[in-house]
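Trainee: target_18.txt is reproduced in full below (compact mmCIF, C-alpha atoms and all ligand atoms).
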# COMPACT_ATOMS: atom_id res chain seq x y z
CA MET A 22 -47.72 204.70 305.04
CA SER A 23 -44.61 206.83 305.23
CA SER A 24 -41.28 205.07 305.01
CA THR A 25 -40.25 206.36 308.43
CA SER A 26 -42.91 204.34 310.27
CA LEU A 27 -42.36 201.19 308.23
CA ASP A 28 -40.25 198.44 309.75
CA VAL A 29 -37.95 197.22 307.00
CA ALA A 30 -36.19 193.84 306.96
CA VAL A 31 -34.04 194.53 303.91
CA GLU A 32 -33.90 197.30 301.34
CA VAL A 33 -31.97 197.61 298.10
CA ARG A 34 -31.58 201.03 296.53
CA LYS A 35 -30.75 201.62 292.88
CA VAL A 36 -28.64 198.51 292.81
CA TRP A 37 -26.54 197.45 289.85
CA LYS A 38 -24.61 194.22 289.68
CA LEU A 39 -22.11 193.72 286.89
CA TYR A 40 -20.47 190.37 286.24
CA ARG A 41 -17.19 190.39 284.42
CA ILE A 42 -16.95 188.08 281.44
CA GLY A 43 -13.48 188.35 279.93
CA LYS A 44 -13.05 191.99 278.97
CA THR A 45 -16.71 192.91 279.12
CA PHE A 46 -19.19 193.41 281.93
CA TYR A 47 -22.64 191.89 281.95
CA PRO A 48 -25.28 193.78 283.99
CA ALA A 49 -27.31 191.14 285.87
CA LEU A 50 -29.17 193.87 287.80
CA ARG A 51 -29.82 197.30 286.31
CA GLY A 52 -31.04 199.78 288.89
CA VAL A 53 -33.18 197.67 291.19
CA SER A 54 -34.89 199.22 294.22
CA LEU A 55 -36.93 197.05 296.57
CA ARG A 56 -38.02 197.35 300.18
CA ILE A 57 -39.16 194.27 302.08
CA PRO A 58 -41.37 195.17 305.06
CA LYS A 59 -40.78 193.16 308.24
CA GLY A 60 -43.27 190.34 308.67
CA SER A 61 -44.23 190.17 305.00
CA PHE A 62 -44.15 187.20 302.61
CA VAL A 63 -42.83 188.25 299.20
CA ILE A 64 -42.65 186.13 296.07
CA ILE A 65 -40.20 187.05 293.32
CA LEU A 66 -41.21 185.83 289.87
CA GLY A 67 -39.15 186.06 286.73
CA PRO A 68 -37.75 184.02 283.85
CA SER A 69 -34.43 182.22 284.03
CA GLY A 70 -31.52 184.65 283.82
CA SER A 71 -33.56 187.68 284.92
CA GLY A 72 -31.37 188.31 288.00
CA LYS A 73 -33.40 186.66 290.77
CA SER A 74 -30.52 184.75 292.38
CA THR A 75 -28.23 187.76 292.08
CA LEU A 76 -30.84 189.85 293.91
CA MET A 77 -31.26 187.20 296.65
CA HIS A 78 -27.48 187.03 297.16
CA LEU A 79 -27.35 190.80 297.57
CA MET A 80 -30.33 190.88 299.96
CA GLY A 81 -28.70 188.20 302.11
CA ALA A 82 -25.29 189.92 302.17
CA LEU A 83 -23.65 186.98 300.40
CA ASP A 84 -22.38 189.54 297.91
CA THR A 85 -22.17 193.33 297.56
CA PRO A 86 -23.55 195.49 294.72
CA THR A 87 -21.40 197.11 292.03
CA ARG A 88 -23.41 200.31 292.45
CA GLY A 89 -26.21 201.34 294.81
CA SER A 90 -26.73 200.12 298.36
CA VAL A 91 -28.22 197.29 300.35
CA TYR A 92 -29.50 197.83 303.88
CA LEU A 93 -29.88 194.62 305.85
CA ALA A 94 -31.30 195.03 309.36
CA GLY A 95 -30.64 198.75 308.85
CA LYS A 96 -26.95 198.27 308.07
CA ASN A 97 -25.32 199.28 304.80
CA VAL A 98 -23.83 195.96 303.72
CA SER A 99 -21.13 197.57 301.54
CA LYS A 100 -19.72 199.41 304.55
CA LEU A 101 -19.18 196.27 306.63
CA SER A 102 -15.95 194.28 306.78
CA ASP A 103 -16.09 190.67 305.58
CA VAL A 104 -16.21 189.49 309.20
CA GLU A 105 -19.03 191.89 310.10
CA ARG A 106 -20.95 190.86 306.99
CA ALA A 107 -20.60 187.16 307.83
CA LYS A 108 -21.81 187.83 311.36
CA LEU A 109 -24.84 189.80 310.14
CA ARG A 110 -25.69 186.98 307.75
CA ARG A 111 -25.32 184.35 310.43
CA ASP A 112 -27.56 186.15 312.92
CA TYR A 113 -30.16 187.73 310.68
CA VAL A 114 -30.65 185.56 307.58
CA GLY A 115 -31.65 181.95 306.92
CA PHE A 116 -31.02 180.69 303.37
CA VAL A 117 -32.84 177.90 301.55
CA PHE A 118 -31.64 176.85 298.08
CA GLN A 119 -32.98 174.70 295.26
CA GLN A 120 -30.04 172.27 295.65
CA PHE A 121 -30.44 171.93 299.45
CA TYR A 122 -26.63 172.06 299.99
CA LEU A 123 -26.60 169.64 302.91
CA ILE A 124 -23.27 168.12 303.98
CA PRO A 125 -23.48 164.48 302.77
CA ARG A 126 -21.41 162.87 305.53
CA LEU A 127 -23.31 164.58 308.36
CA SER A 128 -26.64 163.42 309.80
CA ALA A 129 -29.77 165.57 309.56
CA LEU A 130 -29.21 166.62 313.18
CA GLU A 131 -25.56 167.56 312.58
CA ASN A 132 -26.49 169.55 309.47
CA VAL A 133 -28.95 171.61 311.52
CA GLU A 134 -26.35 172.07 314.28
CA LEU A 135 -23.76 173.56 311.90
CA PRO A 136 -24.87 177.23 312.01
CA MET A 137 -25.04 176.99 315.80
CA ILE A 138 -21.45 175.72 315.93
CA ALA A 139 -20.45 178.78 313.88
CA LYS A 140 -22.17 180.86 316.53
CA GLY A 141 -20.36 179.07 319.35
CA LEU A 142 -23.37 177.52 321.11
CA PRO A 143 -22.55 174.71 323.55
CA ARG A 144 -23.17 171.13 322.40
CA GLY A 145 -26.12 170.32 324.64
CA ILE A 146 -28.06 173.42 323.62
CA ARG A 147 -27.27 172.81 319.94
CA HIS A 148 -28.42 169.26 320.18
CA ARG A 149 -31.72 170.06 321.86
CA ARG A 150 -32.49 172.92 319.54
CA ALA A 151 -31.66 170.94 316.37
CA LYS A 152 -33.92 168.13 317.56
CA LYS A 153 -36.74 170.55 318.23
CA LEU A 154 -36.34 172.18 314.80
CA LEU A 155 -36.34 168.83 313.02
CA ALA A 156 -39.56 167.91 314.84
CA LEU A 157 -41.01 171.27 313.82
CA VAL A 158 -40.40 170.54 310.11
CA GLY A 159 -41.88 167.05 310.45
CA LEU A 160 -38.70 164.97 310.67
CA LYS A 161 -39.02 163.41 314.12
CA GLY A 162 -37.28 160.05 314.04
CA LYS A 163 -35.05 160.95 311.08
CA GLU A 164 -32.44 162.85 313.12
CA ASN A 165 -29.69 160.33 312.44
CA ASN A 166 -30.37 159.87 308.72
CA LYS A 167 -27.74 161.09 306.28
CA PRO A 168 -29.00 163.24 303.38
CA ILE A 169 -28.78 160.28 300.99
CA GLU A 170 -31.19 158.39 303.28
CA LEU A 171 -33.82 161.12 302.90
CA SER A 172 -36.18 162.04 300.04
CA GLY A 173 -35.80 165.37 298.23
CA GLY A 174 -38.65 166.89 300.21
CA GLU A 175 -37.13 165.65 303.48
CA GLN A 176 -33.74 167.06 302.55
CA GLN A 177 -35.36 170.42 301.91
CA ARG A 178 -37.01 170.18 305.34
CA VAL A 179 -33.58 169.64 306.90
CA ALA A 180 -32.34 172.69 305.00
CA ILE A 181 -35.28 174.71 306.36
CA ALA A 182 -34.55 173.56 309.92
CA ARG A 183 -30.92 174.58 309.36
CA ALA A 184 -32.06 177.98 308.07
CA LEU A 185 -33.97 178.44 311.34
CA ALA A 186 -31.06 177.34 313.56
CA ASN A 187 -29.96 180.78 314.69
CA ASP A 188 -33.52 182.15 314.77
CA PRO A 189 -33.11 184.64 311.89
CA ASP A 190 -35.63 187.41 311.20
CA LEU A 191 -35.36 186.94 307.44
CA ILE A 192 -35.73 183.76 305.36
CA LEU A 193 -34.47 183.92 301.76
CA ALA A 194 -35.46 180.94 299.63
CA ASP A 195 -34.14 180.67 296.07
CA GLU A 196 -36.43 178.30 294.10
CA PRO A 197 -36.85 176.03 297.15
CA THR A 198 -39.30 173.78 295.27
CA GLY A 199 -37.41 173.75 291.96
CA ASN A 200 -36.34 170.12 292.38
CA LEU A 201 -39.53 168.79 293.97
CA ASP A 202 -42.77 167.27 292.71
CA THR A 203 -46.07 169.14 293.03
CA ALA A 204 -47.31 167.58 296.28
CA THR A 205 -43.94 167.93 298.01
CA SER A 206 -43.68 171.52 296.76
CA GLU A 207 -47.02 172.32 298.42
CA SER A 208 -45.81 170.96 301.75
CA ILE A 209 -42.58 172.97 301.55
CA MET A 210 -44.53 176.13 300.68
CA ASN A 211 -46.81 175.45 303.64
CA LEU A 212 -43.70 175.37 305.85
CA MET A 213 -42.70 178.73 304.37
CA LEU A 214 -46.17 180.00 305.23
CA ASP A 215 -45.84 178.70 308.82
CA MET A 216 -42.51 180.48 309.21
CA ASN A 217 -44.20 183.71 308.18
CA GLU A 218 -47.58 183.38 309.88
CA ARG A 219 -46.75 181.51 313.07
CA MET A 220 -43.10 182.31 313.63
CA GLY A 221 -43.30 185.91 312.43
CA LYS A 222 -40.37 185.62 310.00
CA THR A 223 -40.04 187.84 306.96
CA VAL A 224 -40.02 185.45 303.99
CA VAL A 225 -38.81 186.05 300.43
CA VAL A 226 -39.24 183.20 297.96
CA VAL A 227 -38.03 183.04 294.37
CA THR A 228 -40.19 180.76 292.26
CA HIS A 229 -41.09 179.93 288.67
CA ASN A 230 -44.52 178.71 289.70
CA PRO A 231 -47.30 181.35 289.50
CA GLU A 232 -49.57 179.02 291.55
CA GLN A 233 -47.43 179.69 294.60
CA VAL A 234 -48.45 183.34 294.57
CA LYS A 235 -51.35 182.32 296.85
CA TYR A 236 -48.99 182.00 299.83
CA SER A 237 -47.65 185.54 299.58
CA HIS A 238 -48.64 189.08 300.51
CA TYR A 239 -46.74 190.59 297.58
CA VAL A 240 -45.51 189.55 294.16
CA VAL A 241 -42.49 191.20 292.58
CA LYS A 242 -41.89 190.57 288.88
CA ILE A 243 -38.38 190.90 287.50
CA ARG A 244 -37.15 190.76 283.92
CA ASP A 245 -33.76 191.49 282.34
CA GLY A 246 -32.34 192.78 285.63
CA LYS A 247 -35.18 195.20 286.32
CA ILE A 248 -38.31 195.13 288.45
CA VAL A 249 -41.30 195.37 286.13
CA SER A 250 -44.13 195.28 288.67
CA VAL A 251 -45.04 194.92 292.33
CA GLY A 252 -48.52 193.70 293.23
CA GLU A 253 -50.57 191.90 295.83
CA GLY A 254 -50.25 188.16 296.36
CA GLY A 255 -52.97 185.81 297.55
CA ARG A 256 -53.01 186.95 301.18
CA ARG A 257 -54.16 190.33 302.36
CA PRO A 258 -50.99 192.43 302.65
CA PRO A 259 -50.25 194.56 305.73
CA TYR A 260 -49.47 197.61 303.52
CA PRO A 261 -50.24 198.55 299.91
CA PRO A 262 -47.73 197.12 297.40
CA GLU A 263 -46.31 200.58 296.67
CA VAL A 264 -44.35 200.49 299.96
CA LEU A 265 -42.09 197.90 298.35
CA LEU A 266 -40.80 200.50 295.92
CA PRO A 267 -38.59 203.09 297.66
CA ASP A 268 -38.04 206.40 295.84
N1 LIG A 301 -20.90 184.73 288.41
C1 LIG A 301 -21.41 185.13 287.24
N2 LIG A 301 -20.60 185.51 286.22
C2 LIG A 301 -21.11 185.94 285.05
N3 LIG A 301 -22.43 186.05 284.80
C3 LIG A 301 -23.29 185.68 285.76
C4 LIG A 301 -22.83 185.21 287.04
N4 LIG A 301 -23.91 184.92 287.80
C5 LIG A 301 -24.99 185.20 287.03
N5 LIG A 301 -24.62 185.66 285.82
C6 LIG A 301 -25.52 186.11 284.75
O1 LIG A 301 -26.37 187.11 285.26
C7 LIG A 301 -27.70 186.94 284.82
C8 LIG A 301 -28.63 186.78 286.01
O2 LIG A 301 -28.33 185.56 286.67
P1 LIG A 301 -29.16 185.04 287.90
O3 LIG A 301 -29.20 186.10 288.94
O4 LIG A 301 -28.59 183.72 288.31
O5 LIG A 301 -30.61 184.86 287.27
P2 LIG A 301 -31.86 183.95 287.71
O6 LIG A 301 -31.63 183.51 289.12
O7 LIG A 301 -33.05 184.83 287.55
O8 LIG A 301 -31.90 182.80 286.76
C9 LIG A 301 -27.68 185.72 283.90
O9 LIG A 301 -27.61 186.17 282.56
C10 LIG A 301 -26.44 184.99 284.29
O10 LIG A 301 -25.91 184.27 283.21
MG MG A 302 -31.55 181.63 289.95
Would you give me this structure, written as structure tokens?
Ligand SMILES: Nc1ncnc2c1ncn2[C@@H]1O[C@H](COP(=O)(O)OP(=O)(O)O)[C@@H](O)[C@H]1O
Ligand SMILES: [Mg+2]
Mentor:
Amino acid sequence: MSSTSLDVAVEVRKVWKLYRIGKTFYPALRGVSLRIPKGSFVIILGPSGSGKSTLMHLMGALDTPTRGSVYLAGKNVSKLSDVERAKLRRDYVGFVFQQFYLIPRLSALENVELPMIAKGLPRGIRHRRAKKLLALVGLKGKENNKPIELSGGEQQRVAIARALANDPDLILADEPTGNLDTATSESIMNLMLDMNERMGKTVVVVTHNPEQVKYSHYVVKIRDGKIVSVGEGGRRPPYPPEVLLPD
């Protein structure tokens, strides 16, 4: 498979990310290259502090690299203005985090509506779509609950519905099951699988749990800010794993 015929959701090329600590710089990523084919489900595995969250932030255009480049939906993220970057993020990426990050004083429905408000969708459309998304993630009847009135697993479902609000191509989930028990984790991972298989989204999930590899096409291992291996996950991948490593 040549890279020219491969549809790519996001690609990072020789990326370095340095964090400044006082007078010194700490390299969280040290020359990472990774290409995520459209429609694939990729799991990123690595110990705490290996640079997983830093990589996710760069892939989702929440941040820009110190060196190297990130191409999101074919656009070089470093060359965009802050406004352009925010717009690309809003339209192309849905984020799911370990801590859910729901707004406590808003209902489940209002939390899901938020990204659509940012996009300027009219109230009626927002309302209908948020309701539909909450039903899709199994929360019919809980639309008016505040986050505190929901279990951890339910809160993560709201966060997933919110990630889907603007119908993004790419879902980036940073340890989405990190705060959940085993059974709830399985149900959240099954939602991730649905988003990939049924909805056709490209899905990248950071996890500590090697058992979750079964949901993915590819597994990327990262250590000390470097990719150490790329292999097949538990589902038959559309392309060989080598396509994930650009030259
Ligand atoms: N804002 C920051 N300032 C300084 N160091 C940071 C910052 N964010 C992350 N780091 C450091 O960079 C390394 C990678 O962090 P991170 O990407 O969060 O790893 P992971 O998600 O794999 O646990 C860690 O050593 C962490 O302490
Ligand atoms: Mg992290």
Trainee: Need the shell around A:Leu130: protein/DNA/RNA residues with any atom at most 10 Å away, counting only C-alpha atoms. Skip same-chain ones fewer than 3 positions apart. Format as a PyMOL selection string?
Mentor: chain A and resi 127+133-135+147-155+160+163-167+179+182-183
Trainee: Of the candidates A:Thr223, A:Tyr239, A:Val264, A:Arg106, which one gets nearest to A:Tyr92 if we count all atoms listed in the file?
Mentor: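 Result for the nearest residue to A:Tyr92: A:Arg106.
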Trainee: Do a neighbour search on stretch 169-174 of chain A at 12 Å with only C-alpha atoms, toss out local chain neighbours closer than 5 positions, and write the hits as a PyMOL selection string.
Mentor: chain A and resi 119-129+158-160+162-164+179-181+197-210+212
Trainee: List the spatial neighbours of A:Val241 as a PyMOL selection string - criterion: any atom at most 8 Å away, only C-alpha atoms, same-chain residues fewer than 5 positions off excluded.
Mentor: chain A and resi 63-66+248-252
Trainee: Residues at most 7 Å from ligand MG 302 (chain A), using all atoms listed in the file? Could they come as a PyMOL selection string?
Mentor: chain A and resi 69-70+72-74+195
Trainee: List the neighbours of stretch 38-51 of chain A out to 10 Å using only C-alpha atoms; skip same-chain residues closer than 6 positions along the sequence, and give me the result as a PyMOL selection string.
Mentor: chain A and resi 70-76+79+84-89+243-248
Trainee: By how many Å are atom CA of A:Arg56 and atom CA of A:Leu185 apart?
Mentor: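 It comes out at 22.3 Å.
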Trainee: Using atom CA of A:Leu193 and atom CA of A:Gly60 as the two end points, give the distance in Å to one decimal.
Mentor: 12.9 Å
Trainee: Could you check the closest approach to ligand LIG 301 (chain A) for each of A:Pro58, A:Gly67, A:Pro189, A:Gly52 and tell me which residue wins, using all atoms listed in the file?
Mentor: A:Gly67
Trainee: For stretch 99-134 of chain A, which lacks atoms in the input, supply N, CA and C atoms and format the output as a PDB file, in the coordinates of the input.
Mentor:
ATOM      1  N   SER A  99     -22.399 197.246 302.193  1.00  0.00           N
ATOM      2  CA  SER A  99     -21.130 197.570 301.540  1.00  0.00           C
ATOM      3  C   SER A  99     -20.128 198.197 302.500  1.00  0.00           C
ATOM      4  N   LYS A 100     -20.625 198.729 303.616  1.00  0.00           N
ATOM      5  CA  LYS A 100     -19.720 199.410 304.550  1.00  0.00           C
ATOM      6  C   LYS A 100     -19.197 198.470 305.639  1.00  0.00           C
ATOM      7  N   LEU A 101     -19.630 197.225 305.615  1.00  0.00           N
ATOM      8  CA  LEU A 101     -19.180 196.270 306.630  1.00  0.00           C
ATOM      9  C   LEU A 101     -17.920 195.544 306.162  1.00  0.00           C
ATOM     10  N   SER A 102     -17.086 195.139 307.115  1.00  0.00           N
ATOM     11  CA  SER A 102     -15.950 194.280 306.780  1.00  0.00           C
ATOM     12  C   SER A 102     -16.491 192.882 306.481  1.00  0.00           C
ATOM     13  N   ASP A 103     -15.652 192.035 305.888  1.00  0.00           N
ATOM     14  CA  ASP A 103     -16.090 190.670 305.580  1.00  0.00           C
ATOM     15  C   ASP A 103     -16.559 189.944 306.837  1.00  0.00           C
ATOM     16  N   VAL A 104     -15.859 190.160 307.931  1.00  0.00           N
ATOM     17  CA  VAL A 104     -16.210 189.490 309.200  1.00  0.00           C
ATOM     18  C   VAL A 104     -17.559 189.994 309.712  1.00  0.00           C
ATOM     19  N   GLU A 105     -17.757 191.307 309.649  1.00  0.00           N
ATOM     20  CA  GLU A 105     -19.030 191.890 310.100  1.00  0.00           C
ATOM     21  C   GLU A 105     -20.196 191.398 309.227  1.00  0.00           C
ATOM     22  N   ARG A 106     -19.922 191.304 307.932  1.00  0.00           N
ATOM     23  CA  ARG A 106     -20.950 190.860 306.990  1.00  0.00           C
ATOM     24  C   ARG A 106     -21.334 189.399 307.264  1.00  0.00           C
ATOM     25  N   ALA A 107     -20.329 188.577 307.531  1.00  0.00           N
ATOM     26  CA  ALA A 107     -20.600 187.160 307.830  1.00  0.00           C
ATOM     27  C   ALA A 107     -21.415 187.028 309.113  1.00  0.00           C
ATOM     28  N   LYS A 108     -21.120 187.872 310.078  1.00  0.00           N
ATOM     29  CA  LYS A 108     -21.810 187.830 311.360  1.00  0.00           C
ATOM     30  C   LYS A 108     -23.271 188.265 311.194  1.00  0.00           C
ATOM     31  N   LEU A 109     -23.484 189.317 310.413  1.00  0.00           N
ATOM     32  CA  LEU A 109     -24.840 189.800 310.140  1.00  0.00           C
ATOM     33  C   LEU A 109     -25.669 188.710 309.463  1.00  0.00           C
ATOM     34  N   ARG A 110     -25.049 188.071 308.473  1.00  0.00           N
ATOM     35  CA  ARG A 110     -25.690 186.980 307.750  1.00  0.00           C
ATOM     36  C   ARG A 110     -26.072 185.839 308.695  1.00  0.00           C
ATOM     37  N   ARG A 111     -25.118 185.478 309.512  1.00  0.00           N
ATOM     38  CA  ARG A 111     -25.320 184.350 310.430  1.00  0.00           C
ATOM     39  C   ARG A 111     -26.473 184.605 311.396  1.00  0.00           C
ATOM     40  N   ASP A 112     -26.571 185.838 311.888  1.00  0.00           N
ATOM     41  CA  ASP A 112     -27.560 186.150 312.920  1.00  0.00           C
ATOM     42  C   ASP A 112     -28.918 186.559 312.358  1.00  0.00           C
ATOM     43  N   TYR A 113     -28.937 187.078 311.148  1.00  0.00           N
ATOM     44  CA  TYR A 113     -30.160 187.730 310.680  1.00  0.00           C
ATOM     45  C   TYR A 113     -30.853 186.999 309.529  1.00  0.00           C
ATOM     46  N   VAL A 114     -30.100 186.144 308.803  1.00  0.00           N
ATOM     47  CA  VAL A 114     -30.650 185.560 307.580  1.00  0.00           C
ATOM     48  C   VAL A 114     -30.590 184.036 307.606  1.00  0.00           C
ATOM     49  N   GLY A 115     -31.663 183.394 307.157  1.00  0.00           N
ATOM     50  CA  GLY A 115     -31.650 181.950 306.920  1.00  0.00           C
ATOM     51  C   GLY A 115     -31.853 181.711 305.429  1.00  0.00           C
ATOM     52  N   PHE A 116     -30.935 180.943 304.818  1.00  0.00           N
ATOM     53  CA  PHE A 116     -31.020 180.690 303.370  1.00  0.00           C
ATOM     54  C   PHE A 116     -31.548 179.287 303.086  1.00  0.00           C
ATOM     55  N   VAL A 117     -32.389 179.200 302.050  1.00  0.00           N
ATOM     56  CA  VAL A 117     -32.840 177.900 301.550  1.00  0.00           C
ATOM     57  C   VAL A 117     -32.621 177.930 300.031  1.00  0.00           C
ATOM     58  N   PHE A 118     -31.965 176.879 299.505  1.00  0.00           N
ATOM     59  CA  PHE A 118     -31.640 176.850 298.080  1.00  0.00           C
ATOM     60  C   PHE A 118     -32.304 175.662 297.383  1.00  0.00           C
ATOM     61  N   GLN A 119     -32.410 175.776 296.072  1.00  0.00           N
ATOM     62  CA  GLN A 119     -32.980 174.700 295.260  1.00  0.00           C
ATOM     63  C   GLN A 119     -32.208 173.380 295.448  1.00  0.00           C
ATOM     64  N   GLN A 120     -30.890 173.478 295.565  1.00  0.00           N
ATOM     65  CA  GLN A 120     -30.040 172.270 295.650  1.00  0.00           C
ATOM     66  C   GLN A 120     -29.824 171.763 297.067  1.00  0.00           C
ATOM     67  N   PHE A 121     -30.500 172.305 298.037  1.00  0.00           N
ATOM     68  CA  PHE A 121     -30.440 171.930 299.450  1.00  0.00           C
ATOM     69  C   PHE A 121     -29.092 172.248 300.123  1.00  0.00           C
ATOM     70  N   TYR A 122     -27.973 171.841 299.445  1.00  0.00           N
ATOM     71  CA  TYR A 122     -26.630 172.060 299.990  1.00  0.00           C
ATOM     72  C   TYR A 122     -26.425 171.519 301.402  1.00  0.00           C
ATOM     73  N   LEU A 123     -26.898 170.308 301.641  1.00  0.00           N
ATOM     74  CA  LEU A 123     -26.600 169.640 302.910  1.00  0.00           C
ATOM     75  C   LEU A 123     -25.216 168.987 302.810  1.00  0.00           C
ATOM     76  N   ILE A 124     -24.567 168.801 303.967  1.00  0.00           N
ATOM     77  CA  ILE A 124     -23.270 168.120 303.980  1.00  0.00           C
ATOM     78  C   ILE A 124     -23.526 166.609 304.004  1.00  0.00           C
ATOM     79  N   PRO A 125     -23.104 165.886 302.935  1.00  0.00           N
ATOM     80  CA  PRO A 125     -23.480 164.480 302.770  1.00  0.00           C
ATOM     81  C   PRO A 125     -23.059 163.565 303.925  1.00  0.00           C
ATOM     82  N   ARG A 126     -21.873 163.821 304.516  1.00  0.00           N
ATOM     83  CA  ARG A 126     -21.410 162.870 305.530  1.00  0.00           C
ATOM     84  C   ARG A 126     -21.968 163.156 306.917  1.00  0.00           C
ATOM     85  N   LEU A 127     -22.720 164.249 307.057  1.00  0.00           N
ATOM     86  CA  LEU A 127     -23.310 164.580 308.360  1.00  0.00           C
ATOM     87  C   LEU A 127     -24.770 164.129 308.412  1.00  0.00           C
ATOM     88  N   SER A 128     -25.225 163.783 309.605  1.00  0.00           N
ATOM     89  CA  SER A 128     -26.640 163.420 309.800  1.00  0.00           C
ATOM     90  C   SER A 128     -27.510 164.668 309.677  1.00  0.00           C
ATOM     91  N   ALA A 129     -28.825 164.439 309.603  1.00  0.00           N
ATOM     92  CA  ALA A 129     -29.770 165.570 309.560  1.00  0.00           C
ATOM     93  C   ALA A 129     -29.527 166.473 310.769  1.00  0.00           C
ATOM     94  N   LEU A 130     -29.406 165.851 311.954  1.00  0.00           N
ATOM     95  CA  LEU A 130     -29.210 166.620 313.180  1.00  0.00           C
ATOM     96  C   LEU A 130     -27.931 167.471 313.111  1.00  0.00           C
ATOM     97  N   GLU A 131     -26.846 166.845 312.654  1.00  0.00           N
ATOM     98  CA  GLU A 131     -25.560 167.560 312.580  1.00  0.00           C
ATOM     99  C   GLU A 131     -25.608 168.699 311.560  1.00  0.00           C
ATOM    100  N   ASN A 132     -26.340 168.474 310.458  1.00  0.00           N
ATOM    101  CA  ASN A 132     -26.490 169.550 309.470  1.00  0.00           C
ATOM    102  C   ASN A 132     -27.191 170.766 310.084  1.00  0.00           C
ATOM    103  N   VAL A 133     -28.205 170.505 310.897  1.00  0.00           N
ATOM    104  CA  VAL A 133     -28.950 171.610 311.520  1.00  0.00           C
ATOM    105  C   VAL A 133     -28.096 172.291 312.602  1.00  0.00           C
ATOM    106  N   GLU A 134     -27.202 171.512 313.220  1.00  0.00           N
ATOM    107  CA  GLU A 134     -26.350 172.070 314.280  1.00  0.00           C
ATOM    108  C   GLU A 134     -25.265 173.012 313.736  1.00  0.00           C
TER     109      GLU A 134
END
